[in-house]
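Just model-v1.txt here, compact mmCIF, C-alpha atoms and all ligand atoms:
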```
# COMPACT_ATOMS: atom_id res chain seq x y z
CA MET A 1 51.18 3.45 9.12
CA ARG A 2 48.01 4.45 10.90
CA GLN A 3 44.87 2.35 10.38
CA ASN A 4 42.86 4.84 8.38
CA ALA A 5 43.54 8.07 6.60
CA ASP A 6 40.60 10.23 5.49
CA LEU A 7 42.19 10.62 2.12
CA CYS A 8 45.19 9.45 0.13
CA VAL A 9 46.79 11.53 -2.58
CA ILE A 10 48.42 9.43 -5.29
CA GLY A 11 51.19 11.60 -6.75
CA GLY A 12 51.09 13.55 -3.52
CA ALA A 13 54.72 14.64 -3.78
CA GLY A 14 54.04 16.51 -7.03
CA HIS A 15 53.15 20.08 -7.91
CA VAL A 16 49.41 19.47 -7.70
CA GLY A 17 49.33 16.63 -5.19
CA LEU A 18 51.50 18.06 -2.43
CA PRO A 19 49.82 21.45 -1.93
CA LEU A 20 46.47 19.66 -2.06
CA ALA A 21 47.53 17.10 0.54
CA LEU A 22 48.86 19.87 2.78
CA ALA A 23 45.74 21.98 2.38
CA PHE A 24 43.45 19.10 3.39
CA ALA A 25 45.67 18.16 6.32
CA ASP A 26 45.64 21.79 7.42
CA ARG A 27 41.83 21.65 7.44
CA GLY A 28 41.95 18.76 9.89
CA LEU A 29 41.81 15.71 7.60
CA ARG A 30 44.21 12.81 8.08
CA VAL A 31 46.09 12.63 4.80
CA ARG A 32 48.39 10.00 3.37
CA VAL A 33 50.65 10.92 0.48
CA VAL A 34 51.38 7.99 -1.86
CA ASP A 35 54.14 8.68 -4.36
CA VAL A 36 56.74 6.65 -6.24
CA ASN A 37 59.30 9.47 -5.93
CA ARG A 38 61.19 8.44 -2.78
CA ARG A 39 63.58 11.36 -2.97
CA ALA A 40 60.73 13.82 -2.88
CA LEU A 41 59.12 11.89 -0.01
CA ALA A 42 62.37 12.03 1.96
CA ALA A 43 62.60 15.80 1.44
CA ILE A 44 58.98 16.30 2.51
CA ALA A 45 59.52 14.17 5.64
CA LYS A 46 62.35 16.55 6.58
CA GLY A 47 60.11 19.56 6.09
CA ARG A 48 61.57 20.57 2.73
CA MET A 49 59.35 21.36 -0.25
CA PRO A 50 60.69 19.52 -3.33
CA PHE A 51 59.80 22.52 -5.54
CA MET A 52 58.95 26.21 -5.20
CA GLU A 53 55.50 26.90 -3.82
CA GLU A 54 54.51 30.19 -2.22
CA GLY A 55 53.74 29.59 1.44
CA GLY A 56 54.43 25.87 0.97
CA ALA A 57 57.33 25.48 3.39
CA ALA A 58 55.51 27.09 6.33
CA LEU A 59 52.39 25.05 5.63
CA LEU A 60 54.42 21.83 5.37
CA ARG A 61 56.10 22.47 8.73
CA ARG A 62 52.74 23.20 10.37
CA VAL A 63 51.12 20.07 8.92
CA LEU A 64 54.06 17.80 9.85
CA LYS A 65 53.81 19.09 13.39
CA SER A 66 50.10 18.30 13.49
CA GLY A 67 50.81 14.62 12.80
CA ARG A 68 48.04 14.53 10.20
CA LEU A 69 50.35 13.83 7.22
CA GLU A 70 51.78 10.41 6.39
CA LEU A 71 54.07 9.53 3.52
CA THR A 72 54.48 6.23 1.70
CA ASP A 73 55.60 4.83 -1.64
CA LYS A 74 53.30 1.82 -1.27
CA ALA A 75 50.04 1.52 -3.21
CA SER A 76 48.62 -0.39 -0.24
CA GLY A 77 48.65 2.96 1.58
CA ILE A 78 45.23 3.71 0.07
CA ARG A 79 43.55 0.90 1.98
CA GLY A 80 40.63 2.10 4.06
CA ALA A 81 40.81 5.77 3.09
CA ARG A 82 37.42 7.21 2.20
CA PHE A 83 38.92 9.23 -0.67
CA VAL A 84 41.72 8.33 -3.06
CA VAL A 85 42.76 11.37 -5.10
CA LEU A 86 44.83 10.77 -8.23
CA THR A 87 47.20 13.60 -9.20
CA ILE A 88 49.80 11.89 -11.40
CA GLY A 89 51.19 13.68 -14.46
CA THR A 90 49.26 13.28 -17.72
CA PRO A 91 51.70 14.32 -20.43
CA ILE A 92 51.21 13.98 -24.17
CA ASP A 93 53.46 11.71 -26.23
CA GLU A 94 55.95 12.64 -28.96
CA PHE A 95 53.07 12.70 -31.47
CA LEU A 96 51.16 15.21 -29.31
CA ASN A 97 48.57 12.60 -28.34
CA PRO A 98 47.41 12.00 -24.74
CA ARG A 99 49.18 9.11 -23.01
CA THR A 100 46.06 7.53 -21.59
CA GLY A 101 47.97 4.35 -20.71
CA ASP A 102 49.59 6.21 -17.79
CA ILE A 103 46.29 6.32 -15.90
CA GLU A 104 45.74 2.59 -16.36
CA ALA A 105 49.33 1.87 -15.25
CA ALA A 106 48.83 3.98 -12.11
CA LEU A 107 45.48 2.33 -11.32
CA LYS A 108 46.61 -1.29 -11.62
CA PRO A 109 48.64 -1.46 -8.37
CA LEU A 110 45.74 0.24 -6.54
CA LEU A 111 43.12 -2.35 -7.56
CA PRO A 112 43.75 -4.90 -4.79
CA HIS A 113 43.37 -2.14 -2.19
CA LEU A 114 40.31 -0.29 -3.53
CA GLY A 115 36.96 -1.14 -1.99
CA GLY A 116 33.31 -0.29 -2.50
CA ARG A 117 33.21 2.28 0.32
CA GLN A 118 35.92 4.38 -1.31
CA THR A 119 35.75 7.12 -3.92
CA LEU A 120 38.51 7.53 -6.47
CA VAL A 121 38.75 11.21 -7.36
CA LEU A 122 40.66 12.00 -10.55
CA ARG A 123 42.35 15.37 -10.22
CA SER A 124 44.90 15.04 -12.99
CA THR A 125 43.87 16.81 -16.17
CA VAL A 126 42.41 14.11 -18.39
CA THR A 127 41.20 13.74 -21.95
CA PRO A 128 37.41 13.78 -22.29
CA GLY A 129 36.03 10.30 -21.73
CA VAL A 130 38.72 9.15 -19.28
CA THR A 131 36.56 9.49 -16.15
CA GLU A 132 33.82 7.28 -17.60
CA TRP A 133 36.47 4.88 -18.89
CA VAL A 134 37.98 4.62 -15.38
CA GLY A 135 34.51 3.81 -14.04
CA ARG A 136 34.12 1.00 -16.60
CA PHE A 137 37.69 -0.19 -16.01
CA LEU A 138 37.14 -0.53 -12.26
CA ARG A 139 33.80 -2.28 -12.72
CA GLY A 140 35.44 -4.64 -15.22
CA LYS A 141 37.94 -5.57 -12.52
CA GLY A 142 35.17 -6.10 -9.99
CA VAL A 143 36.06 -2.96 -8.01
CA LYS A 144 33.01 -1.11 -6.70
CA ALA A 145 34.67 2.18 -5.67
CA GLY A 146 32.95 5.36 -6.86
CA VAL A 147 34.69 7.45 -9.53
CA ALA A 148 34.72 11.25 -9.59
CA PHE A 149 36.59 13.94 -11.48
CA ALA A 150 37.49 17.22 -9.77
CA PRO A 151 39.98 19.16 -11.90
CA GLU A 152 42.76 21.29 -10.45
CA ARG A 153 42.77 24.89 -11.74
CA ILE A 154 45.45 26.56 -9.63
CA VAL A 155 48.31 28.47 -11.18
CA GLN A 156 51.54 26.60 -10.51
CA GLY A 157 53.44 27.97 -7.51
CA ARG A 158 50.40 29.62 -5.90
CA ALA A 159 48.30 26.60 -4.97
CA VAL A 160 48.46 27.25 -1.24
CA GLU A 161 46.69 30.56 -1.68
CA GLU A 162 44.37 29.56 -4.52
CA LEU A 163 43.07 26.23 -3.21
CA GLY A 164 41.01 28.03 -0.61
CA LYS A 165 39.71 30.62 -3.07
CA LEU A 166 38.86 28.95 -6.36
CA PRO A 167 35.47 27.43 -7.10
CA GLN A 168 35.78 23.67 -7.45
CA ILE A 169 34.25 21.83 -10.38
CA VAL A 170 33.12 18.33 -9.39
CA SER A 171 31.61 15.49 -11.35
CA GLY A 172 31.05 11.80 -10.87
CA THR A 173 30.11 8.71 -12.83
CA THR A 174 27.29 8.30 -10.29
CA ARG A 175 25.42 10.83 -8.20
CA ALA A 176 26.88 9.24 -5.06
CA ALA A 177 30.46 9.67 -6.32
CA GLU A 178 29.73 13.29 -7.28
CA ASP A 179 28.28 13.94 -3.82
CA GLU A 180 31.35 12.39 -2.19
CA ALA A 181 33.71 14.60 -4.23
CA ALA A 182 31.57 17.64 -3.38
CA ALA A 183 31.78 16.72 0.31
CA LEU A 184 35.56 16.36 0.11
CA PHE A 185 36.17 19.66 -1.64
CA GLY A 186 33.64 21.36 0.61
CA HIS A 187 36.52 21.34 3.14
CA LEU A 188 38.53 23.64 0.87
CA ALA A 189 36.67 25.45 -1.85
CA PRO A 190 34.31 28.39 -1.28
CA ARG A 191 31.97 27.08 -3.98
CA ILE A 192 31.23 23.73 -5.61
CA VAL A 193 30.25 23.72 -9.27
CA ARG A 194 28.64 20.49 -10.43
CA LEU A 195 29.02 19.22 -13.97
CA ALA A 196 28.80 15.87 -15.74
CA PRO A 197 32.20 14.12 -16.14
CA ARG A 198 32.66 14.98 -19.82
CA GLU A 199 31.56 18.57 -19.22
CA ALA A 200 34.08 18.86 -16.38
CA GLU A 201 36.86 17.33 -18.49
CA PHE A 202 36.18 19.77 -21.32
CA ALA A 203 35.84 22.68 -18.87
CA LYS A 204 39.34 22.06 -17.50
CA LEU A 205 40.90 21.74 -20.95
CA PHE A 206 39.04 24.81 -22.23
CA CYS A 207 40.37 26.85 -19.27
CA ASN A 208 43.94 26.04 -20.19
CA ALA A 209 43.48 26.26 -23.95
CA TYR A 210 41.84 29.67 -23.58
CA ARG A 211 44.77 30.96 -21.56
CA TYR A 212 47.17 29.52 -24.12
CA ILE A 213 45.25 31.24 -26.93
CA GLN A 214 45.38 34.56 -25.03
CA PHE A 215 49.17 34.27 -24.76
CA ALA A 216 49.33 33.34 -28.44
CA ALA A 217 47.36 36.45 -29.43
CA ALA A 218 49.78 38.59 -27.41
CA ASN A 219 52.82 36.91 -28.97
CA GLN A 220 51.43 37.11 -32.49
CA PHE A 221 50.68 40.83 -32.05
CA TYR A 222 54.20 41.28 -30.69
CA MET A 223 55.84 39.60 -33.69
CA ILE A 224 53.72 41.59 -36.16
CA ALA A 225 54.52 44.93 -34.49
CA ASN A 226 58.18 44.10 -34.02
CA SER A 227 58.54 43.07 -37.68
CA ALA A 228 56.99 46.44 -38.58
CA GLY A 229 59.88 48.07 -36.71
CA LEU A 230 57.75 49.12 -33.75
CA ASP A 231 58.10 48.77 -30.01
CA TYR A 232 55.11 46.59 -29.10
CA SER A 233 55.35 47.44 -25.41
CA ARG A 234 54.23 50.98 -26.29
CA ILE A 235 51.33 49.73 -28.41
CA HIS A 236 50.33 47.28 -25.68
CA ARG A 237 50.31 50.01 -23.05
CA GLY A 238 48.44 52.38 -25.34
CA MET A 239 45.77 49.80 -26.20
CA LYS A 240 45.06 48.93 -22.60
CA GLU A 241 45.21 52.35 -20.99
CA GLY A 242 41.76 53.14 -19.60
CA TYR A 243 40.26 50.48 -21.86
CA ASP A 244 38.79 47.82 -19.64
CA ARG A 245 37.75 45.49 -22.43
CA LEU A 246 41.40 44.58 -23.01
CA ARG A 247 42.23 43.98 -19.35
CA ASP A 248 42.86 40.27 -20.07
CA LEU A 249 45.34 40.81 -22.90
CA PRO A 250 48.70 39.61 -21.56
CA GLY A 251 52.04 41.06 -22.57
CA ALA A 252 54.37 39.20 -24.93
CA GLY A 253 56.56 36.45 -23.48
CA PHE A 254 57.37 32.77 -23.50
CA ALA A 255 54.19 30.75 -22.96
CA ALA A 256 54.91 27.11 -22.23
CA GLY A 257 55.29 24.87 -19.19
CA PRO A 258 53.85 21.51 -18.25
CA CYS A 259 50.15 22.32 -18.78
CA LEU A 260 49.03 24.90 -21.35
CA PHE A 261 50.67 23.40 -24.43
CA LYS A 262 49.82 19.78 -23.66
CA ASP A 263 46.26 20.49 -22.60
CA THR A 264 45.65 22.44 -25.80
CA MET A 265 47.06 19.47 -27.71
CA GLN A 266 44.85 17.06 -25.73
CA LEU A 267 41.88 18.91 -27.20
CA ALA A 268 43.43 19.04 -30.67
CA ALA A 269 44.19 15.29 -30.70
CA SER A 270 40.55 14.22 -30.51
CA PRO A 271 39.08 12.52 -33.57
CA ASP A 272 35.71 14.11 -32.73
CA HIS A 273 36.42 17.75 -33.54
CA ASP A 274 38.88 20.16 -35.16
CA PHE A 275 40.79 22.58 -32.98
CA ASN A 276 42.45 24.83 -35.53
CA LEU A 277 42.62 27.70 -33.06
CA GLY A 278 44.59 25.49 -30.66
CA HIS A 279 47.07 24.53 -33.35
CA ALA A 280 47.37 28.18 -34.39
CA ALA A 281 48.07 29.11 -30.74
CA MET A 282 50.78 26.47 -30.55
CA ARG A 283 52.37 27.81 -33.71
CA ALA A 284 52.39 31.39 -32.39
CA ASN A 285 53.70 30.53 -28.91
CA GLU A 286 56.28 28.00 -30.07
CA ARG A 287 57.35 30.41 -32.81
CA LEU A 288 58.49 33.16 -30.44
CA PRO A 289 61.96 31.72 -29.66
CA VAL A 290 62.45 30.89 -33.34
CA TYR A 291 61.49 34.45 -34.23
CA ILE A 292 63.99 35.87 -31.71
CA VAL A 293 66.81 33.79 -33.20
CA ARG A 294 65.83 34.87 -36.69
CA ARG A 295 65.74 38.57 -35.74
CA LEU A 296 69.08 38.39 -33.96
CA SER A 297 70.70 36.53 -36.84
CA GLN A 298 69.58 39.28 -39.23
CA ARG A 299 71.67 41.81 -37.30
CA HIS A 300 74.49 39.74 -35.82
CA ASP A 301 76.81 37.05 -37.08
CA LEU A 302 75.74 34.60 -34.42
CA ALA A 303 78.55 32.18 -35.27
CA LYS A 304 80.90 34.77 -33.74
CA LYS A 305 78.75 35.57 -30.71
CA THR A 306 78.30 34.08 -27.28
CA VAL A 307 74.63 34.20 -26.31
CA GLY A 308 73.53 34.15 -22.67
CA LEU A 309 70.06 32.95 -21.69
CA LEU A 310 68.67 34.46 -18.52
CA GLY A 311 66.06 32.26 -16.82
CA MET A 312 65.57 28.61 -17.78
CA ALA A 313 62.37 27.97 -15.81
CA PHE A 314 59.17 27.95 -17.84
CA LYS A 315 58.00 31.09 -16.07
CA ALA A 316 59.16 33.83 -13.73
CA ASP A 317 59.99 33.19 -10.08
CA ASN A 318 59.59 29.44 -10.46
CA ASP A 319 62.06 26.55 -10.47
CA ASP A 320 60.25 24.28 -12.94
CA PRO A 321 62.04 23.77 -16.28
CA ARG A 322 59.41 21.38 -17.68
CA SER A 323 58.58 22.24 -21.31
CA SER A 324 60.36 25.56 -20.92
CA LEU A 325 60.88 27.48 -24.15
CA SER A 326 64.26 28.57 -22.78
CA TYR A 327 65.49 25.06 -23.61
CA LYS A 328 64.03 25.24 -27.09
CA LEU A 329 65.93 28.50 -27.56
CA LYS A 330 69.09 26.86 -26.26
CA LYS A 331 68.77 24.06 -28.82
CA LEU A 332 68.16 26.51 -31.67
CA LEU A 333 71.17 28.59 -30.70
CA ALA A 334 73.46 25.61 -30.15
CA LEU A 335 73.51 25.14 -33.93
CA ARG A 336 74.06 28.81 -34.74
CA ALA A 337 75.94 30.69 -32.02
CA LYS A 338 79.61 30.48 -31.05
CA ALA A 339 78.51 29.45 -27.56
CA VAL A 340 75.33 29.42 -25.48
CA LEU A 341 75.49 30.07 -21.73
CA THR A 342 72.55 29.54 -19.44
CA THR A 343 71.71 30.74 -15.96
CA ASP A 344 68.81 30.60 -13.53
CA PRO A 345 68.61 31.29 -9.80
CA PHE A 346 66.13 28.48 -9.11
CA VAL A 347 66.38 25.68 -11.70
CA ARG A 348 68.59 22.69 -10.93
CA ASP A 349 70.65 21.90 -14.03
CA PRO A 350 74.39 21.17 -14.00
CA ALA A 351 74.83 23.13 -17.26
CA LEU A 352 73.85 26.42 -15.60
CA ARG A 353 76.47 29.10 -14.89
CA PRO A 354 76.38 31.94 -12.35
CA LEU A 355 74.53 35.03 -13.52
CA ALA A 356 77.57 37.34 -13.30
CA GLU A 357 79.64 34.98 -15.45
CA VAL A 358 76.92 34.71 -18.10
CA VAL A 359 76.52 38.48 -18.29
CA ARG A 360 80.28 39.01 -18.44
CA LYS A 361 81.02 36.39 -21.11
CA SER A 362 78.04 36.96 -23.40
CA ASP A 363 77.85 39.29 -26.38
CA ILE A 364 74.06 38.98 -26.51
CA LEU A 365 71.69 38.36 -23.61
CA ILE A 366 68.18 36.98 -24.05
CA LEU A 367 65.73 37.34 -21.19
CA CYS A 368 63.80 34.06 -21.16
CA ALA A 369 62.15 34.02 -17.73
CA PRO A 370 61.74 37.46 -16.13
CA HIS A 371 62.62 36.47 -12.55
CA THR A 372 62.19 39.32 -10.07
CA ALA A 373 65.85 38.74 -9.13
CA TYR A 374 66.84 40.20 -12.52
CA LYS A 375 65.23 43.58 -11.76
CA GLY A 376 67.82 46.32 -12.09
CA LEU A 377 70.39 43.88 -13.54
CA ASP A 378 73.47 45.60 -14.93
CA THR A 379 73.64 44.13 -18.44
CA ARG A 380 76.99 45.86 -18.99
CA GLY A 381 76.01 47.43 -22.30
CA LYS A 382 75.44 44.06 -23.96
CA VAL A 383 72.83 43.56 -26.67
CA VAL A 384 69.68 42.53 -24.78
CA ALA A 385 66.67 40.79 -26.31
CA ASP A 386 63.80 41.38 -23.90
CA VAL A 387 60.44 40.49 -25.44
CA TRP A 388 58.84 40.97 -22.02
CA GLY A 389 59.83 44.65 -21.82
CA PHE A 390 60.98 43.69 -18.33
CA PHE A 391 64.02 45.96 -18.19
CA GLY A 392 61.89 48.99 -19.04
CA ARG A 393 63.72 49.70 -22.28
CA GLY A 394 60.93 48.57 -24.63
CA ASN A 395 60.76 45.10 -26.13
CA ARG A 396 62.10 45.44 -29.66
CA VAL A 397 64.24 42.58 -30.86
N1 LIG B 401 51.41 21.82 -12.41
C1 LIG B 401 50.31 22.53 -12.32
O1 LIG B 401 50.31 23.69 -11.94
C2 LIG B 401 48.98 21.91 -12.68
C3 LIG B 401 47.82 22.70 -12.55
C4 LIG B 401 46.58 22.10 -12.84
C5 LIG B 401 46.53 20.78 -13.25
N2 LIG B 401 47.68 20.05 -13.38
C6 LIG B 401 47.56 18.66 -13.76
O2 LIG B 401 47.84 17.88 -12.61
C7 LIG B 401 48.50 16.67 -12.96
C8 LIG B 401 49.81 16.54 -12.20
O3 LIG B 401 50.68 17.56 -12.61
P1 LIG B 401 51.96 17.96 -11.74
O4 LIG B 401 52.51 19.19 -12.35
O5 LIG B 401 51.60 17.94 -10.32
O6 LIG B 401 52.91 16.73 -12.06
P2 LIG B 401 54.17 16.30 -11.17
O7 LIG B 401 55.02 15.49 -12.07
O8 LIG B 401 54.73 17.47 -10.45
O9 LIG B 401 53.52 15.35 -10.07
C9 LIG B 401 53.09 14.05 -10.31
C10 LIG B 401 53.53 13.17 -9.15
O10 LIG B 401 52.99 11.87 -9.36
C11 LIG B 401 53.96 10.92 -8.98
N3 LIG B 401 53.59 9.67 -9.63
C12 LIG B 401 53.64 9.37 -10.93
N4 LIG B 401 53.16 8.12 -11.15
C13 LIG B 401 52.79 7.64 -9.93
C14 LIG B 401 52.22 6.42 -9.50
N5 LIG B 401 51.91 5.47 -10.37
N6 LIG B 401 51.97 6.26 -8.18
C15 LIG B 401 52.26 7.23 -7.30
N7 LIG B 401 52.82 8.41 -7.65
C16 LIG B 401 53.06 8.62 -8.96
C17 LIG B 401 55.27 11.51 -9.40
O11 LIG B 401 56.36 10.94 -8.70
C18 LIG B 401 55.05 12.99 -9.04
O12 LIG B 401 55.47 13.27 -7.72
C19 LIG B 401 48.64 16.69 -14.47
O13 LIG B 401 47.53 16.05 -15.03
C20 LIG B 401 48.58 18.17 -14.78
O14 LIG B 401 48.13 18.42 -16.09
C21 LIG B 401 48.89 20.59 -13.09
```
For the structure just supplied, provide its representation as structure tokens.
Ligand SMILES: NC(=O)c1ccc[n+]([C@@H]2O[C@H](COP(=O)([O-])OP(=O)(O)OC[C@H]3O[C@@H](n4cnc5c(N)ncnc54)[C@H](O)[C@@H]3O)[C@@H](O)[C@H]2O)c1
Amino acid sequence: MRQNADLCVIGGAGHVGLPLALAFADRGLRVRVVDVNRRALAAIAKGRMPFMEEGGAALLRRVLKSGRLELTDKASGIRGARFVVLTIGTPIDEFLNPRTGDIEAALKPLLPHLGGRQTLVLRSTVTPGVTEWVGRFLRGKGVKAGVAFAPERIVQGRAVEELGKLPQIVSGTTRAAEDEAAALFGHLAPRIVRLAPREAEFAKLFCNAYRYIQFAAANQFYMIANSAGLDYSRIHRGMKEGYDRLRDLPGAGFAAGPCLFKDTMQLAASPDHDFNLGHAAMRANERLPVYIVRRLSQRHDLAKKTVGLLGMAFKADNDDPRSSLSYKLKKLLALRAKAVLTTDPFVRDPALRPLAEVVRKSDILILCAPHTAYKGLDTRGKVVADVWGFFGRGNRV
């Protein structure tokens, strides 16, 4: 390894960490990726993105060629770097509470290598209070590094484009740490927005919870209209046509994935406030697959039907199955249908079957993730449940 990197990205082989590492390296910084996932590191070293990311492969090749990217699975890799950016996953537990212990576990191996001239920048989405806690934790261990929080707000899969466009919120437990984080992100972001750590932590969670609530409103409206025997796609179009105030109202569809649900629950888990709206959003979004099964079972004897699920990723044109509602639907149907077949052009899952086989063998098809590849799909006259209205035949179920 080289003597000094400008910055190290802990979790730098992940969905947030890797595009960030590449973006900084592309701007001329010497970047070291530190990640425990050796398989992903090996793929990156060969110029292969471990997941789908628009423009990621070309950027990775360019950055590897520049020699400004190093990869290691050793915590000691952070030694001497001015910035240490933490991008590890911050999931919730089975009781929907934040797993704050993960941050402590990730920090412990770093402690012997962190020094007073360094700034630790938290970029993972964290529960309010974590940034200040990390500051106290480090001080308690005699580590003098500065602590900042600079949340990631990209949409998954489009980080390469968005990192250079989105304003960057920065905060720090000291003014010096905040200034350092602002200097770092000044290389990337067109605008720096300064907040206090707790404000920044809430801001990030509110961004995701708001999006989740918007999807929930759309899905609740869909279920109400559909239960009234109406085609919601027509109502949706009619409401929005020429009416700018509703420009943000999304269409109906599965709303899940690794962030929106868990970040809404991070807010809801706090003992300091109620978040009834967040819980209501969870109930609406998580209800949609249940509702589809219920509607189909009212019209079909599912025990005699093979059901095919199209798209197992949590969203369209992505390969990430984390917290995908397609898998919730699969579990629901496994108890009710004769058989459940699943397919996806991007997700890696040994249970998946080729698209043509799923279409051929299924009596009922459910569009779960509207991948562009499904446009114009010949569904061979099968019953199709398409809450997205993707196939252009309305979205009644
Ligand atoms: N996925 C998104 O689009 C997105 C967007 C905004 C914010 N976030 C937030 O960013 C964070 C990361 O999410 P992600 O989707 O990139 O997760 P991810 O699982 O894709 O990436 C996390 C990476 O951290 C690595 N890792 C875990 N523990 C480690 C350790 N102790 N040392 C070194 N490496 C370690 C993992 O191997 C993995 O490569 C989460 O807090 C998430 O809420 C994600």
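Of note, atom CA of Lys304 of chain A and atom CA of Asp378 of chain A are spaced 22.9 Å apart.
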Protein and nucleic residues near ligand LIG 401 (chain B), 6 Å, only C-alpha atoms and all ligand atoms, as a list in words: Ile10, Gly11, Ala13, Gly14, His15, Val16, Gly17, Val34, Asp35, Val36, Asn37, Thr87, Ile88, Gly89, Thr90, Ala106, Ser124, Thr125, Glu152, Arg153, Ile154, Val155, Gln156 and Cys259 of chain A
Excluding Pro50 of chain A and any residue of its chain fewer than 6 positions from it, enumerate the residues within 10 Å of it, using only C-alpha atoms, and give them as a ChimeraX atom specification. /A:13-15,18,39-44,56-57
Writing out the chosen residues with C-alpha atoms as a PDB file, keeping the file's coordinate frame:
```
ATOM      1  CA  ALA A  13      54.720  14.640  -3.780  1.00  0.00           C
ATOM      2  CA  GLY A  14      54.040  16.510  -7.030  1.00  0.00           C
ATOM      3  CA  HIS A  15      53.150  20.080  -7.910  1.00  0.00           C
ATOM      4  CA  LEU A  18      51.500  18.060  -2.430  1.00  0.00           C
ATOM      5  CA  ARG A  39      63.580  11.360  -2.970  1.00  0.00           C
ATOM      6  CA  ALA A  40      60.730  13.820  -2.880  1.00  0.00           C
ATOM      7  CA  LEU A  41      59.120  11.890  -0.010  1.00  0.00           C
ATOM      8  CA  ALA A  42      62.370  12.030   1.960  1.00  0.00           C
ATOM      9  CA  ALA A  43      62.600  15.800   1.440  1.00  0.00           C
ATOM     10  CA  ILE A  44      58.980  16.300   2.510  1.00  0.00           C
ATOM     11  CA  GLY A  56      54.430  25.870   0.970  1.00  0.00           C
ATOM     12  CA  ALA A  57      57.330  25.480   3.390  1.00  0.00           C
TER      13      ALA A  57
END
```
Using all atoms listed in the file: which of A:Phe254, A:Phe215, A:Phe275, A:Phe51 has the shortest distance to Met312 of chain A: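 Using all atoms listed in the file, Met312 of chain A sits closest to A:Phe254.
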So that I can check the surroundings of Gly135 of chain A, please list as a ChimeraX atom specification every protein, DNA and RNA residue that reaches within 9 Å of it, counting all atoms listed in the file and ignoring chain neighbours fewer than 5 positions away. /A:130,140,144-148,173
Interatomic distance, atom CA of Tyr232 of chain A to atom CA of Arg336 of chain A (Å, one decimal):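 Computed distance, atom CA of Tyr232 of chain A to atom CA of Arg336 of chain A, equals 26.6 Å.
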Between atom CA of Val383 of chain A and atom CA of Leu365 of chain A, distance in Å (one decimal): 6.1 Å
Return the single residue from A:Gly55, A:Gly172, A:Pro112, A:Gly129 that is closest to Val143 of chain A, with distances computed using all atoms listed in the file.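 Answer, going by the shortest atom-to-atom distance: A:Pro112.
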With only C-alpha atoms as the atoms that count, which of A:Thr342, A:Arg295, A:Ile213, A:Ile224 lies nearest to Gly278 of chain A?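 Among the listed residues, A:Ile213 lies closest to Gly278 of chain A.
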Which one of A:Pro258, A:Pro91, A:Pro190, A:Pro350 sits closest to Glu162 of chain A if you count all atoms listed in the file?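 Residue with the minimum atom-to-atom distance to Glu162 of chain A: A:Pro190.
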Considering only C-alpha atoms, return as a PyMOL selection string whatever protein or nucleic-acid residues lie within 8 Å of Gly164 of chain A, sequence-local ones (same chain, fewer than 3 positions apart) excluded. chain A and resi 160-161+188-190
If you count only C-alpha atoms, which residues fall within 9 Å of Ala203 of chain A, apart from same-chain ones fewer than 4 positions away, as number ranges by chain? A: 151, 169, 198-199, 207-208
Output for the residues just chosen: C-alpha atoms as a PDB file, in the frame of the given file:
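Output (out37.pdb):
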```pdb
ATOM      1  CA  PRO A 151      39.980  19.160 -11.900  1.00  0.00           C
ATOM      2  CA  ILE A 169      34.250  21.830 -10.380  1.00  0.00           C
ATOM      3  CA  ARG A 198      32.660  14.980 -19.820  1.00  0.00           C
ATOM      4  CA  GLU A 199      31.560  18.570 -19.220  1.00  0.00           C
ATOM      5  CA  CYS A 207      40.370  26.850 -19.270  1.00  0.00           C
ATOM      6  CA  ASN A 208      43.940  26.040 -20.190  1.00  0.00           C
TER       7      ASN A 208
END
```
Shell of 9 Å around Phe206 of chain A, all atoms listed in the file, local chain residues under 3 positions omitted, as a PyMOL selection string: chain A and resi 201-203+209-211+263-264+267
Residue nearest Phe95 of chain A among A:Arg237, A:Lys262, A:Arg283, A:Arg191 (counting all atoms listed in the file):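 Of A:Arg237, A:Lys262, A:Arg283, A:Arg191, the one nearest Phe95 of chain A is A:Lys262, counting all atoms listed in the file.
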Of the candidates A:Leu29, A:Met282, A:Gly251, A:Pro109, which shows the shortest atom-to-atom distance to Ala75 of chain A, using only C-alpha atoms?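 For Ala75 of chain A, the nearest of the candidates is A:Pro109.
Surrounding residues of (42.9, 14.5, -8.8) at most 6 Å away are Val85, Leu86, Thr87, Val121, Leu122, Arg123 and Ser124 of chain A (based on all atoms listed in the file).
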Would you give the centre and edge lengths, in Å to one decimal, of a box along x, y and z around the listed atoms of segment 92-96 of chain A, with 5 Å added to each side, as JSON?
```
{"center_x": 53.6, "center_y": 13.5, "center_z": -27.8, "size_x": 14.8, "size_y": 13.5, "size_z": 17.3}
```
